[in-house]
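> You'll find entry-v8.tsv just under this line, and it carries TSV, C-alpha atoms.
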chain	number	residue	atom	x	y	z
A	12	MET	CA	-123.39	74.38	7.73
A	13	VAL	CA	-122.38	77.52	9.65
A	14	LYS	CA	-118.72	76.77	8.82
A	15	LEU	CA	-119.58	76.46	5.14
A	16	LEU	CA	-121.39	79.80	5.16
A	17	LYS	CA	-118.44	81.48	6.87
A	18	ARG	CA	-116.04	79.88	4.40
A	19	ASN	CA	-117.98	81.40	1.54
A	20	SER	CA	-117.78	84.80	3.26
A	21	ALA	CA	-121.53	85.16	3.12
A	22	ARG	CA	-122.75	88.48	4.46
A	23	ASP	CA	-125.85	89.56	2.57
A	24	VAL	CA	-127.71	86.41	1.57
A	25	ASP	CA	-130.43	85.99	-1.03
A	26	SER	CA	-132.54	83.10	0.20
A	27	VAL	CA	-134.97	81.02	-1.83
A	28	PHE	CA	-138.06	79.53	-0.15
A	29	ASP	CA	-140.24	76.69	-1.38
A	30	ALA	CA	-142.01	73.51	-0.26
A	31	SER	CA	-141.93	70.01	-1.75
A	32	PHE	CA	-144.30	67.09	-1.41
A	33	ILE	CA	-143.19	63.86	0.32
A	34	LYS	CA	-145.42	60.86	-0.42
A	35	ALA	CA	-146.74	58.96	2.60
A	36	TRP	CA	-146.09	55.23	3.04
A	37	SER	CA	-149.82	54.55	3.34
A	38	THR	CA	-153.04	54.15	1.43
A	39	HIS	CA	-156.03	56.43	1.91
A	40	ASP	CA	-158.26	55.82	4.88
A	41	LEU	CA	-161.44	53.92	3.93
A	42	VAL	CA	-163.68	56.30	5.89
A	43	ASP	CA	-161.89	59.63	5.41
A	44	SER	CA	-160.11	59.74	2.06
A	45	GLN	CA	-158.27	62.92	3.06
A	46	THR	CA	-156.19	61.06	5.66
A	47	GLY	CA	-153.96	57.98	5.68
A	48	HIS	CA	-155.01	54.48	6.66
A	49	SER	CA	-151.79	53.23	8.29
A	50	ASP	CA	-150.37	56.75	8.66
A	51	LYS	CA	-152.99	58.80	10.48
A	52	GLU	CA	-150.97	62.05	10.34
A	53	ALA	CA	-150.67	62.06	6.54
A	54	ARG	CA	-153.03	64.38	4.66
A	55	VAL	CA	-154.03	64.97	1.06
A	56	GLY	CA	-152.48	68.10	-0.41
A	57	ARG	CA	-151.01	69.61	-3.52
A	58	ALA	CA	-148.27	67.51	-5.10
A	59	GLY	CA	-147.06	69.45	-8.13
A	60	ARG	CA	-149.94	69.70	-10.58
A	61	THR	CA	-151.97	67.02	-8.87
A	62	PHE	CA	-152.81	65.93	-5.31
A	63	GLY	CA	-151.33	63.22	-3.14
A	64	LEU	CA	-151.34	61.78	0.36
A	65	GLY	CA	-148.32	62.81	2.38
A	66	TYR	CA	-146.32	65.61	3.91
A	67	LYS	CA	-144.45	68.74	2.89
A	68	LEU	CA	-140.86	69.73	3.47
A	69	HIS	CA	-140.58	73.52	3.71
A	70	LEU	CA	-137.03	74.63	2.91
A	71	SER	CA	-134.95	77.79	2.56
A	72	ILE	CA	-131.58	77.80	0.80
A	73	ASP	CA	-128.74	80.21	0.10
A	74	SER	CA	-129.19	81.02	-3.60
A	75	LYS	CA	-125.42	81.35	-4.12
A	76	THR	CA	-124.09	78.23	-2.40
A	77	MET	CA	-127.36	76.24	-2.63
A	78	LEU	CA	-126.88	75.28	1.02
A	79	PRO	CA	-130.05	74.49	3.01
A	80	LEU	CA	-130.50	77.14	5.69
A	81	ALA	CA	-133.70	76.18	7.48
A	82	CYS	CA	-136.54	73.71	7.20
A	83	THR	CA	-139.80	72.68	8.75
A	84	PHE	CA	-142.23	69.82	8.17
A	85	ALA	CA	-146.01	69.66	8.02
A	86	SER	CA	-148.85	67.61	6.60
A	87	ALA	CA	-149.44	68.14	2.88
A	88	ASN	CA	-152.71	70.04	3.35
A	89	GLN	CA	-150.94	73.02	4.98
A	90	ASN	CA	-149.86	75.65	2.48
A	91	GLU	CA	-146.57	77.52	2.28
A	92	GLN	CA	-147.81	80.81	3.71
A	93	LYS	CA	-148.78	79.22	7.02
A	94	HIS	CA	-145.13	78.36	7.75
A	95	SER	CA	-143.43	81.24	5.96
A	96	TRP	CA	-142.91	83.52	8.97
A	97	ASN	CA	-141.42	80.71	11.04
A	98	MET	CA	-139.10	79.93	8.13
A	99	VAL	CA	-137.95	83.55	7.96
A	100	GLU	CA	-137.12	83.56	11.67
A	101	LYS	CA	-135.21	80.26	11.41
A	102	THR	CA	-133.28	81.48	8.37
A	103	LYS	CA	-132.31	84.74	10.05
A	104	LEU	CA	-131.11	82.85	13.12
A	105	ILE	CA	-128.79	80.48	11.23
A	106	LEU	CA	-127.40	83.35	9.16
A	107	LYS	CA	-126.76	85.42	12.27
A	108	GLN	CA	-124.68	82.57	13.70
A	109	SER	CA	-122.44	82.77	10.63
A	110	ALA	CA	-122.17	86.59	10.71
A	111	ALA	CA	-124.49	86.91	7.72
A	112	ARG	CA	-127.93	88.43	7.27
A	113	LEU	CA	-130.99	87.80	5.16
A	114	LYS	CA	-131.05	90.45	2.45
A	115	SER	CA	-133.71	89.25	0.03
A	116	LEU	CA	-136.32	86.52	-0.08
A	117	ILE	CA	-137.07	84.84	-3.39
A	118	ALA	CA	-140.21	82.72	-3.63
A	119	ASP	CA	-143.27	82.05	-5.76
A	120	SER	CA	-146.66	83.71	-5.36
A	121	GLN	CA	-147.78	81.25	-2.65
A	122	TYR	CA	-145.62	83.35	-0.29
A	123	SER	CA	-147.12	86.69	-1.31
A	124	ASP	CA	-147.84	88.36	2.01
A	125	GLY	CA	-147.35	91.91	3.27
A	126	LYS	CA	-145.78	90.84	6.58
A	127	LEU	CA	-143.28	88.66	4.77
A	128	ARG	CA	-142.35	91.45	2.36
A	129	ASP	CA	-141.63	93.79	5.27
A	130	ALA	CA	-139.34	91.26	6.96
A	131	VAL	CA	-136.50	91.61	4.43
A	132	ASP	CA	-134.74	94.35	2.48
A	133	ALA	CA	-136.10	93.01	-0.79
A	134	ALA	CA	-138.88	90.51	-1.43
A	135	VAL	CA	-138.71	89.00	-4.90
A	136	ILE	CA	-142.15	87.42	-4.75
A	137	PRO	CA	-144.69	87.69	-7.59
A	138	TYR	CA	-148.09	89.05	-6.66
A	139	ARG	CA	-150.99	86.68	-7.10
A	140	ALA	CA	-153.51	87.42	-9.83
A	141	ASN	CA	-156.07	88.71	-7.30
A	142	GLN	CA	-153.61	91.12	-5.64
A	143	LYS	CA	-153.22	94.73	-6.76
A	144	ARG	CA	-154.27	94.08	-10.32
A	145	ASP	CA	-154.25	97.76	-11.37
A	146	VAL	CA	-150.77	98.61	-10.04
A	147	LYS	CA	-148.03	98.70	-12.68
A	148	GLY	CA	-144.42	97.76	-12.08
A	149	LEU	CA	-145.13	94.66	-10.00
A	150	LEU	CA	-143.46	91.32	-10.52
A	151	ARG	CA	-145.85	88.77	-11.96
A	152	VAL	CA	-145.49	85.26	-13.38
A	153	ASP	CA	-147.99	83.71	-15.79
A	154	LYS	CA	-149.07	80.08	-16.11
A	155	ARG	CA	-146.19	79.38	-18.49
A	156	PHE	CA	-143.73	80.77	-15.91
A	157	ARG	CA	-142.98	83.85	-17.99
A	158	THR	CA	-142.03	86.84	-15.83
A	159	TYR	CA	-143.28	90.42	-16.15
A	160	GLY	CA	-142.24	93.50	-14.22
A	161	PRO	CA	-139.04	95.35	-13.23
A	162	GLU	CA	-135.95	93.91	-14.93
A	163	GLU	CA	-133.97	93.70	-11.69
A	164	GLN	CA	-136.68	91.66	-9.98
A	165	LYS	CA	-137.04	89.41	-13.02
A	166	LYS	CA	-133.29	88.77	-12.91
A	167	GLU	CA	-133.41	87.91	-9.19
A	168	TYR	CA	-136.47	85.70	-9.61
A	169	HIS	CA	-134.50	83.52	-12.03
A	170	LYS	CA	-132.61	82.25	-8.96
A	171	ARG	CA	-135.77	80.52	-7.74
A	172	PRO	CA	-135.12	77.27	-9.70
A	173	HIS	CA	-132.02	76.75	-7.52
A	174	ILE	CA	-134.24	75.35	-4.78
A	175	GLU	CA	-135.90	72.99	-7.26
A	176	ALA	CA	-132.42	71.68	-8.05
A	177	VAL	CA	-131.77	71.12	-4.32
A	178	TYR	CA	-135.03	69.19	-4.00
A	179	SER	CA	-134.03	67.13	-7.03
A	180	PHE	CA	-130.67	66.30	-5.40
A	181	LEU	CA	-132.41	65.30	-2.17
A	182	LYS	CA	-134.89	63.06	-3.94
A	183	THR	CA	-132.72	61.44	-6.61
A	184	GLN	CA	-129.31	61.27	-4.91
A	185	TYR	CA	-130.03	61.36	-1.19
A	186	SER	CA	-132.98	58.95	-1.01
A	187	LEU	CA	-135.64	61.40	0.14
A	188	THR	CA	-138.27	59.63	-1.97
A	189	VAL	CA	-137.31	56.17	-0.65
A	190	ASN	CA	-139.34	56.91	2.42
A	191	LYS	CA	-140.97	53.95	4.22
A	192	VAL	CA	-141.63	55.46	7.62
A	193	ARG	CA	-144.91	56.71	9.05
A	194	GLY	CA	-145.86	59.74	11.12
A	195	LEU	CA	-144.73	63.35	10.88
A	196	SER	CA	-141.80	63.04	13.31
A	197	ASN	CA	-140.42	59.95	11.57
A	198	VAL	CA	-140.79	61.48	8.11
A	199	ALA	CA	-139.07	64.64	9.39
A	200	SER	CA	-136.17	62.61	10.83
A	201	TYR	CA	-135.76	60.72	7.57
A	202	ALA	CA	-135.78	63.94	5.54
A	203	LEU	CA	-133.26	65.56	7.89
A	204	PHE	CA	-130.84	62.69	7.25
A	205	SER	CA	-131.15	63.39	3.52
A	206	ILE	CA	-130.47	67.10	4.10
A	207	LEU	CA	-127.52	66.26	6.36
A	208	CYS	CA	-126.03	64.02	3.67
A	209	LEU	CA	-126.28	66.84	1.13
A	210	VAL	CA	-124.56	69.30	3.50
A	211	LEU	CA	-121.79	66.85	4.44
A	212	ASN	CA	-121.21	66.04	0.78
A	213	GLN	CA	-120.73	69.71	0.03
A	214	GLU	CA	-118.40	70.16	2.99
A	215	ALA	CA	-116.29	67.18	1.89
A	216	ALA	CA	-116.05	68.60	-1.63
A	217	GLU	CA	-114.97	71.99	-0.29
A	218	ASN	CA	-112.37	70.37	1.99
A	219	ILE	CA	-110.61	68.66	-0.93
A	220	GLY	CA	-110.93	71.64	-3.26
A	221	ARG	CA	-113.45	69.96	-5.56
A	222	SER	CA	-116.52	72.18	-5.28
A	223	ASP	CA	-117.72	70.70	-8.58
A	224	LYS	CA	-118.39	67.46	-6.66
A	225	SER	CA	-120.56	69.17	-4.01
A	226	VAL	CA	-123.69	67.28	-5.09
A	227	SER	CA	-122.06	64.06	-6.26
A	228	PRO	CA	-122.22	61.39	-3.53
A	229	THR	CA	-120.98	58.72	-5.94
A	230	TYR	CA	-117.63	60.55	-6.23
A	231	PHE	CA	-116.93	59.77	-2.56
A	232	ASN	CA	-118.17	56.19	-2.85
A	233	THR	CA	-115.73	55.12	-5.56
Would you mind writing the file's structure down as C-alpha cells?

Amino acid sequence: MVKLLKRNSARDVDSVFDASFIKAWSTHDLVDSQTGHSDKEARVGRAGRTFGLGYKLHLSIDSKTMLPLACTFASANQNEQKHSWNMVEKTKLILKQSAARLKSLIADSQYSDGKLRDAVDAAVIPYRANQKRDVKGLLRVDKRFRTYGPEEQKKEYHKRPHIEAVYSFLKTQYSLTVNKVRGLSNVASYALFSILCLVLNQEAAENIGRSDKSVSPTYFNT
C-alpha cells in the first residue's frame, strides 16, 4: 500500500472516513437481545437505516486513489466518534511512511468533533443539527443528503461517496459479507483479508498499466 501511495506521488492527501456494518454469524441471545447467542462479542447497533447484530469496520481511504489507509474494528454498538481519533493517528502514520501527509478529513456528521477538526488542515465534516445552529457559513447536510454551506466545502464533501464505493467493492467483490466466523478478532482477520485482496488487485492493475481494472478481480481470474 505504501508503494502504491508513493507511485501516485501522493503528498497532501484528502482522506475519507466512515464505518460499515458487518453482520454477525449468530442469532440474538435469548436472555439479552442486545448480544449474540453463539457470538458473545457481537452487539446490536446501527446498520444503515435499521439495526442489526454484528460489528463495524471503521475505515479511512485516500479520496483520489480510493486506497484503504487505515482501519479498526469494534462491536456494532460503538459509534464512529469513539474511534475517530485513533483512526486519524493511524492514517497519519501510514501516510508519513509514504512521504505524504493528511491534509483534509472528509466525513459525515457522526464525526463532528472539535478535537478532530483541529487535527487536520481542513475538516470537511457537516455540523450536526444541534451544533452551532445560529452560525452561518457552516457545512450542513439535510435528511435528503442535500448540502448547504460554502461552495468549496460542498465540492469537497462530494468525495465522501468514494468510501461507500470501496465498501461496496469489499462486500460484493471481495466476500466481506460472506462472513461465517465468530468473535471480534476472527471477524477482523476475515475483513483484513478482503481489504488485502482489494489492495493487491489495485497493485496488479497498476503493474500491468490497466488502472481501469483496479477493482475487477474477475479480470485476473480469466
> Provide an axis-aligned box for all listed atoms of stretch 85-97 of chain A, padding each side by 8 Å; report its centre and its edge lengths in Å to one decimal, as JSON.

{"center_x": -147.1, "center_y": 75.6, "center_z": 6.7, "size_x": 27.3, "size_y": 31.9, "size_z": 24.8}
> Smallest atom-to-atom distance to A:Trp96: which of A:Arg157, A:Arg57, A:Lys114, A:Arg128, using only C-alpha atoms?
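Nearest candidate to A:Trp96 out of A:Arg157, A:Arg57, A:Lys114, A:Arg128: A:Arg128.
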> Show which residues sit within 9 Å of A:Ser74, as a VMD selection string. Count only C-alpha atoms, and ignore same-chain residues fewer than 5 positions away.
chain A and resid 24 to 27 117 170 to 171 173 to 174
> Between A:Phe84, A:Phe231, A:Trp36, A:Tyr201, which one has atoms that come closest to A:Leu68, using all atoms listed in the file?
A:Phe84
> A:Asp119: which residues within 9 Å, counting only C-alpha atoms, same-chain residues fewer than 3 positions away excluded, as a PDB file with C-alpha atoms, in the coordinates of the input?

ATOM      1  CA  PHE A  28    -138.060  79.530  -0.150  1.00  0.00           C
ATOM      2  CA  ASP A  29    -140.240  76.690  -1.380  1.00  0.00           C
ATOM      3  CA  TYR A 122    -145.620  83.350  -0.290  1.00  0.00           C
ATOM      4  CA  SER A 123    -147.120  86.690  -1.310  1.00  0.00           C
ATOM      5  CA  VAL A 135    -138.710  89.000  -4.900  1.00  0.00           C
ATOM      6  CA  ILE A 136    -142.150  87.420  -4.750  1.00  0.00           C
ATOM      7  CA  PRO A 137    -144.690  87.690  -7.590  1.00  0.00           C
ATOM      8  CA  TYR A 138    -148.090  89.050  -6.660  1.00  0.00           C
ATOM      9  CA  VAL A 152    -145.490  85.260 -13.380  1.00  0.00           C
ATOM     10  CA  TYR A 168    -136.470  85.700  -9.610  1.00  0.00           C
ATOM     11  CA  ARG A 171    -135.770  80.520  -7.740  1.00  0.00           C
TER      12      ARG A 171
END
> Do you have the atom CA of A:Ala81-atom CA of A:Thr102 distance handy?
5.4 Å
> Can you write out as JSON lines which residues of stretch 40-96 of chain A fall within 12 Å of stretch 178-195 of chain A, alongside each residue's closest atom pair and its distance in Å to one decimal, counting only C-alpha atoms and ordering rows by chain and ascending residue number?

{"residue": "A:Thr46", "atom": "CA", "partner": "A:Gly194", "partner_atom": "CA", "distance": 11.8}
{"residue": "A:Gly47", "atom": "CA", "partner": "A:Arg193", "partner_atom": "CA", "distance": 9.7}
{"residue": "A:His48", "atom": "CA", "partner": "A:Arg193", "partner_atom": "CA", "distance": 10.6}
{"residue": "A:Ser49", "atom": "CA", "partner": "A:Arg193", "partner_atom": "CA", "distance": 7.7}
{"residue": "A:Asp50", "atom": "CA", "partner": "A:Arg193", "partner_atom": "CA", "distance": 5.5}
{"residue": "A:Lys51", "atom": "CA", "partner": "A:Gly194", "partner_atom": "CA", "distance": 7.2}
{"residue": "A:Glu52", "atom": "CA", "partner": "A:Gly194", "partner_atom": "CA", "distance": 5.7}
{"residue": "A:Ala53", "atom": "CA", "partner": "A:Gly194", "partner_atom": "CA", "distance": 7.0}
{"residue": "A:Arg54", "atom": "CA", "partner": "A:Leu195", "partner_atom": "CA", "distance": 10.4}
{"residue": "A:Leu64", "atom": "CA", "partner": "A:Arg193", "partner_atom": "CA", "distance": 11.9}
{"residue": "A:Gly65", "atom": "CA", "partner": "A:Leu195", "partner_atom": "CA", "distance": 9.2}
{"residue": "A:Tyr66", "atom": "CA", "partner": "A:Leu195", "partner_atom": "CA", "distance": 7.5}
{"residue": "A:Lys67", "atom": "CA", "partner": "A:Leu195", "partner_atom": "CA", "distance": 9.6}
{"residue": "A:Leu68", "atom": "CA", "partner": "A:Tyr178", "partner_atom": "CA", "distance": 9.5}
{"residue": "A:His69", "atom": "CA", "partner": "A:Tyr178", "partner_atom": "CA", "distance": 10.4}
{"residue": "A:Leu70", "atom": "CA", "partner": "A:Tyr178", "partner_atom": "CA", "distance": 9.0}
{"residue": "A:Ser71", "atom": "CA", "partner": "A:Tyr178", "partner_atom": "CA", "distance": 10.8}
{"residue": "A:Ile72", "atom": "CA", "partner": "A:Tyr178", "partner_atom": "CA", "distance": 10.4}
{"residue": "A:Met77", "atom": "CA", "partner": "A:Tyr178", "partner_atom": "CA", "distance": 10.5}
{"residue": "A:Leu78", "atom": "CA", "partner": "A:Tyr178", "partner_atom": "CA", "distance": 11.3}
{"residue": "A:Pro79", "atom": "CA", "partner": "A:Tyr178", "partner_atom": "CA", "distance": 10.1}
{"residue": "A:Thr83", "atom": "CA", "partner": "A:Leu195", "partner_atom": "CA", "distance": 10.8}
{"residue": "A:Phe84", "atom": "CA", "partner": "A:Leu195", "partner_atom": "CA", "distance": 7.4}
{"residue": "A:Ala85", "atom": "CA", "partner": "A:Leu195", "partner_atom": "CA", "distance": 7.0}
{"residue": "A:Ser86", "atom": "CA", "partner": "A:Leu195", "partner_atom": "CA", "distance": 7.3}
{"residue": "A:Ala87", "atom": "CA", "partner": "A:Leu195", "partner_atom": "CA", "distance": 10.4}
> Write the residues of the selection above to a file with C-alpha atoms, as a compact mmCIF listing (two decimals), in the coordinates of the input.

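Produced file out-v8.txt, reproduced below:
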# COMPACT_ATOMS: atom_id res chain seq x y z
CA THR A 46 -156.19 61.06 5.66
CA GLY A 47 -153.96 57.98 5.68
CA HIS A 48 -155.01 54.48 6.66
CA SER A 49 -151.79 53.23 8.29
CA ASP A 50 -150.37 56.75 8.66
CA LYS A 51 -152.99 58.80 10.48
CA GLU A 52 -150.97 62.05 10.34
CA ALA A 53 -150.67 62.06 6.54
CA ARG A 54 -153.03 64.38 4.66
CA LEU A 64 -151.34 61.78 0.36
CA GLY A 65 -148.32 62.81 2.38
CA TYR A 66 -146.32 65.61 3.91
CA LYS A 67 -144.45 68.74 2.89
CA LEU A 68 -140.86 69.73 3.47
CA HIS A 69 -140.58 73.52 3.71
CA LEU A 70 -137.03 74.63 2.91
CA SER A 71 -134.95 77.79 2.56
CA ILE A 72 -131.58 77.80 0.80
CA MET A 77 -127.36 76.24 -2.63
CA LEU A 78 -126.88 75.28 1.02
CA PRO A 79 -130.05 74.49 3.01
CA THR A 83 -139.80 72.68 8.75
CA PHE A 84 -142.23 69.82 8.17
CA ALA A 85 -146.01 69.66 8.02
CA SER A 86 -148.85 67.61 6.60
CA ALA A 87 -149.44 68.14 2.88
> So how far away is atom CA of A:His94 from atom CA of A:Asp124, in Å?
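Distance between the two atoms: 11.8 Å.
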> Could you tell me how far atom CA of A:Ala30 sits from atom CA of A:Gly56, in Å to one decimal place?
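Separation of atom CA of A:Gly56 and atom CA of A:Ala30: 11.8 Å.
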> Please provide as a VMD selection string all residues within 10 Å of A:Glu100, with the sequence filter that same-chain residues fewer than 3 positions apart are discarded (counting only C-alpha atoms).
chain A and resid 81 95 to 97 103 to 105 113 130
> For A:Lys165, list every protein, DNA or RNA residue within 9 Å, evaluated using only C-alpha atoms, and leave out those in the same chain fewer than 5 positions away; present the list as a VMD selection string.
chain A and resid 135 150 to 151 158 to 160
> Kindly save the residues from that selection, with C-alpha atoms included, as a tab-separated table (two decimals), in the frame of the given file.

chain	number	residue	atom	x	y	z
A	135	VAL	CA	-138.71	89.00	-4.90
A	150	LEU	CA	-143.46	91.32	-10.52
A	151	ARG	CA	-145.85	88.77	-11.96
A	158	THR	CA	-142.03	86.84	-15.83
A	159	TYR	CA	-143.28	90.42	-16.15
A	160	GLY	CA	-142.24	93.50	-14.22
> Of the candidates A:Gln92, A:Asn141, A:Asn218, A:Gln108, which shows the shortest atom-to-atom distance to A:Lys126, using only C-alpha atoms?
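Checking each candidate against A:Lys126, we get A:Gln92 as the closest.
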> Point out the residue among A:Asp153, A:Glu167, A:Asp223, A:Glu162 with the least atom-to-atom distance to A:Ala133, counting all atoms listed in the file.
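Using all atoms listed in the file, the shortest distance to A:Ala133 belongs to A:Glu167.
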> Between A:Tyr230, A:Gln45, A:Asn88, A:Lys93, which one has atoms that come closest to A:Ala215, using all atoms listed in the file?
A:Tyr230
> Between A:Ser196, A:Asn212, A:Ser120, A:Ser44, which residue has the minimum interatomic distance to A:Glu91, considering only C-alpha atoms?
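Looking at the shortest contact to A:Glu91, the residue is A:Ser120.
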